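Working notes, structure below.
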Amino acid sequence: IKVLNQPVYQLNYRMQHVKGHAMKHTQLADAKTGQLRSELTRAEATALAQQCFAGSSAVERVEYLTTTNGHHEYREKPLPAYAVTFQQPAHATVYVASQLGTVQSIRTDPWRLFDLLWMLHTMDYEGRDDINNGLLRAFSVLGLLTISSGFALYFVSSPRTRSKPSQG
């Protein structure tokens with residue numbers, strides 16, 4: 001891959017840790033010299049994020065993320081990462097994985113609105129991505145019962161028991 005127009009390799013390896021857990025690690029190496037390089041700096045991550053835009057936009061802030069929760073818009077993606085937020089367009093935030101040297105995602109205000117509506121649609125208020133949760137199942141069963149009772153009432157009532165309009 002290329003990071004800021006410099007060819008690099010992503011070296012993926014597993015390391016055995018104290019309690020027997022094998023953890024996956026990634027490190028960048030210069031493709032020309034083979035030298036291992038450290039993770040991206042704040043300035044490099046900002047420059048990489050700015051390459052995502054055709055025009056120029058002022059950087060509003062840069063954050064270094066080491067942890068996120070289930071409600072964060074950068075959930076379940078590689079950490080640590082830089083969150084580079086621009087003023088325009090639509091307060092875009094570009095997430096750059098510092099060890100991978102790649103842009104992982106771009107989040108804008110319209111995407112954030114979509115994410116909120118998706119959470120309401122799936123009724124998953126914790127992780128936002130589980131479309132098989134108990135609350136959604138309960139409302140689905142309740143909806144089916146409501147529809148079934150409407151059909152049952154329609155077919156149970158006979159034409160003789162339906163009231164006819166009175167003539168006057």
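Ligands are numbered from 1 in the order shown, residues from 1 within each chain, and chains are lettered A, B, ... in the order they appear in the structure tokens.
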
**Asked** Excluding same-chain residues fewer than 4 positions from stretch 31-41 of chain A, what lies within 12 Å of it counting only C-alpha atoms, as a PyMOL selection string?
**Response** chain A and resi 1-11+25-27+45-49+62-64+79-82+96-103

**Message:** From a backbone DSSP assignment, name each residue in stretch 15-165 of chain A labelled alpha helix (DSSP H), as a ChimeraX atom specification.
**Reply:** /A:42-50,109-122,134-156

**All residues 12 Å or closer to A:Trp118, only C-alpha atoms, same chain fewer than 5 positions away omitted, as number ranges by chain** = A: 111-113, 123-125, 127-131

**Request:** Would you please give, as a ChimeraX atom specification, all residues of chain A that DSSP assigns to strand (DSSP E or B) based on the backbone?
**Result:** /A:2-3,6-16,22-30,36-37,59-65,81-86,93-97,102-107

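For the atom pair formed by atom CA of A:Thr93 and atom CA of A:Arg107, the distance is 5.2 Å, given to one decimal.
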
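The two atoms in question, atom CA of A:Leu28 and atom CA of A:Ala83, are spaced 19.5 Å apart.
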
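The space between atom CA of A:Glu73 and atom CA of A:Leu117 spans 13.5 Å.
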
**Item:** Shell around A:Thr108 at 7 Å using only C-alpha atoms, local window under 6 positions removed, as number ranges by chain
**Value:** A: 90-93

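Distances here use only C-alpha atoms; by that measure, the residue among A:Gln104, A:Ser56, A:Gln88, A:Gln51 closest to A:Glu76 is A:Gln104.
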
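Nearest residue to A:Leu120, choosing from A:Leu153, A:Leu136, A:Phe53, A:Arg61 and counting only C-alpha atoms: A:Leu136.
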